[in-house]
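K.L.:
Dropping in run17.csv, which is CSV, C-alpha atoms:
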```
chain,number,residue,atom,x,y,z
A,1,MET,CA,0.0,0.0,0.0
A,2,TRP,CA,2.7,2.5,1.0
A,3,GLY,CA,4.8,1.5,-2.1
A,4,ILE,CA,1.9,2.4,-4.4
A,5,LEU,CA,1.4,5.7,-2.7
A,6,GLY,CA,5.1,6.5,-2.8
A,7,ASP,CA,5.3,5.7,-6.5
A,8,LEU,CA,2.3,7.8,-7.2
A,9,PHE,CA,3.8,10.7,-5.2
A,10,ILE,CA,7.1,10.4,-7.0
A,11,GLY,CA,5.4,10.2,-10.4
A,12,ILE,CA,3.4,13.4,-9.7
A,13,PHE,CA,6.5,15.2,-8.4
A,14,ASP,CA,8.5,14.0,-11.5
A,15,PHE,CA,5.8,15.3,-13.8
A,16,VAL,CA,5.7,18.7,-12.1
A,17,ALA,CA,9.5,18.9,-12.2
A,18,ASP,CA,9.4,18.1,-15.9
A,19,VAL,CA,6.9,21.0,-16.5
A,20,PHE,CA,9.1,23.5,-14.6
A,21,LEU,CA,12.2,22.3,-16.4
A,22,PHE,CA,10.5,22.6,-19.7
A,23,ARG,CA,9.4,26.1,-18.9
A,24,ALA,CA,12.9,27.0,-17.8
A,25,LEU,CA,14.5,25.6,-20.9
A,26,ARG,CA,12.1,27.6,-23.1
A,27,ARG,CA,12.8,30.8,-21.2
A,28,LYS,CA,16.5,30.2,-21.5
A,29,HIS,CA,16.3,29.8,-25.3
A,30,GLY,CA,14.3,33.1,-25.5
A,31,ARG,CA,11.0,31.6,-26.5
A,32,PRO,CA,7.8,33.5,-25.7
A,33,GLY,CA,6.2,32.6,-22.4
A,34,ARG,CA,3.0,30.5,-22.4
A,35,ARG,CA,0.5,29.6,-19.7
A,36,VAL,CA,1.3,26.8,-17.4
A,37,ALA,CA,-1.7,24.8,-18.6
A,38,GLU,CA,-0.3,24.9,-22.2
A,39,ASP,CA,3.1,23.7,-21.1
A,40,THR,CA,1.6,21.0,-18.9
A,41,LEU,CA,-0.4,19.7,-21.9
A,42,GLU,CA,2.7,19.7,-24.1
A,43,VAL,CA,4.8,17.8,-21.5
A,44,ALA,CA,1.9,15.3,-20.9
A,45,ARG,CA,1.6,14.7,-24.7
A,46,PHE,CA,5.3,14.2,-25.0
A,47,ASP,CA,5.4,11.9,-22.0
A,48,PHE,CA,2.4,9.8,-22.7
A,49,VAL,CA,1.9,9.9,-26.5
A,50,THR,CA,5.3,10.7,-28.2
A,51,THR,CA,7.4,8.4,-26.0
A,52,VAL,CA,5.0,5.5,-26.3
A,53,PHE,CA,4.9,5.9,-30.1
A,54,ILE,CA,8.7,6.0,-30.2
A,55,ALA,CA,8.9,2.9,-28.0
A,56,LEU,CA,6.5,0.9,-30.1
A,57,VAL,CA,8.3,1.8,-33.3
A,58,CYS,CA,11.7,0.9,-31.8
A,59,VAL,CA,10.3,-2.4,-30.5
A,60,GLY,CA,9.1,-3.1,-34.0
A,61,LEU,CA,12.5,-2.3,-35.4
A,62,MET,CA,14.1,-4.6,-32.9
A,63,LEU,CA,11.8,-7.5,-33.9
A,64,LEU,CA,12.4,-6.8,-37.6
A,65,LEU,CA,16.1,-6.8,-37.1
A,66,THR,CA,16.1,-10.0,-35.1
A,67,PHE,CA,13.5,-12.1,-36.8
A,68,GLY,CA,13.4,-10.5,-40.3
A,69,LEU,CA,17.1,-9.9,-40.9
A,70,GLY,CA,18.6,-12.5,-38.5
A,71,LEU,CA,20.7,-10.1,-36.5
A,72,PRO,CA,21.7,-11.2,-33.0
A,73,ALA,CA,19.3,-10.1,-30.3
A,74,GLY,CA,22.0,-8.0,-28.6
A,75,TRP,CA,22.7,-6.0,-31.7
A,76,SER,CA,19.0,-5.6,-32.4
A,77,VAL,CA,18.3,-4.3,-28.9
A,78,GLY,CA,21.3,-2.0,-29.0
A,79,ILE,CA,20.3,-0.5,-32.4
A,80,GLY,CA,16.7,-0.1,-31.3
A,81,ILE,CA,17.6,1.7,-28.0
A,82,THR,CA,20.0,4.0,-29.9
A,83,VAL,CA,17.4,4.9,-32.5
A,84,GLY,CA,14.8,5.5,-29.8
A,85,GLY,CA,17.2,7.6,-27.7
A,86,ILE,CA,18.3,9.8,-30.6
A,87,TRP,CA,14.7,10.2,-31.8
A,88,GLY,CA,13.4,11.1,-28.3
A,89,VAL,CA,16.1,13.7,-27.7
A,90,TRP,CA,15.4,15.2,-31.2
A,91,ARG,CA,11.7,15.4,-30.5
A,92,TYR,CA,12.3,17.0,-27.1
A,93,VAL,CA,14.6,19.6,-28.6
A,94,GLN,CA,11.9,20.4,-31.2
A,95,LEU,CA,9.4,20.7,-28.4
A,96,VAL,CA,11.6,23.2,-26.5
A,97,ARG,CA,12.4,25.3,-29.5
A,98,GLU,CA,8.8,25.5,-31.0
A,99,ARG,CA,7.2,28.9,-31.1
```
Here is the file; what I need is its structure written in the form of structure tokens.
P.N.:
Amino acid sequence: MWGILGDLFIGIFDFVADVFLFRALRRKHGRPGRRVAEDTLEVARFDFVTTVFIALVCVGLMLLLTFGLGLPAGWSVGIGITVGGIWGVWRYVQLVRER
């Protein structure tokens, strides 16, 4: 019971910290300020939609590399994680720099 409540509290704290970090990065890059609700929606969309989509595409890539092309599983996982990491960072940078 306490573990679930602790995880919930940490998740909420992490999300709030992400929103304030996002706002600070936008301010640092000289982007115009927006309402907190708009930034919260953008961070939530990135956290729950964009990252899930990237993860699903990368899992599909790993499966294609392993079963379709016969690459070893270690190589497939490494390539999938690398592609997902680069794609995720690229999308986050785009999110911070959008007008």
K.L.:
Given the choices A:Val16, A:Ala24, A:Val89, A:Val49, which gets closest to Ala37 (chain A) if the distance is worked out from only C-alpha atoms?
P.N.:
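Of the candidates, the smallest distance to Ala37 (chain A) is held by A:Val16.
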K.L.:
Hey, what's within 12 Å of Gly78 (chain A) if we count all atoms listed in the file and toss same-chain stuff fewer than 6 positions away? As an NGL selection string, please?
P.N.:
:A and (58-59 or 61-62 or 65-66 or 71-72 or 84-85)
K.L.:
For Ile86 (chain A), which of A:Ala73, A:Val36, A:Ala55, A:Ile4 is the closest residue, counting all atoms listed in the file?
P.N.:
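For Ile86 (chain A), the nearest of the given residues is A:Ala55.
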K.L.:
Check the smallest atom-to-atom distance from each of A:Trp90, A:Gly68, A:Thr51, A:Arg34 to Val19 (chain A) using only C-alpha atoms, then report the winner.
P.N.:
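The answer is A:Arg34, which sits nearest to Val19 (chain A).
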K.L.:
When you draw a straight line from CA of Ile10 (chain A) to CA of Leu41 (chain A), how long is it in Å?
P.N.:
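Separation between CA of Ile10 (chain A) and CA of Leu41 (chain A): 19.1 Å.
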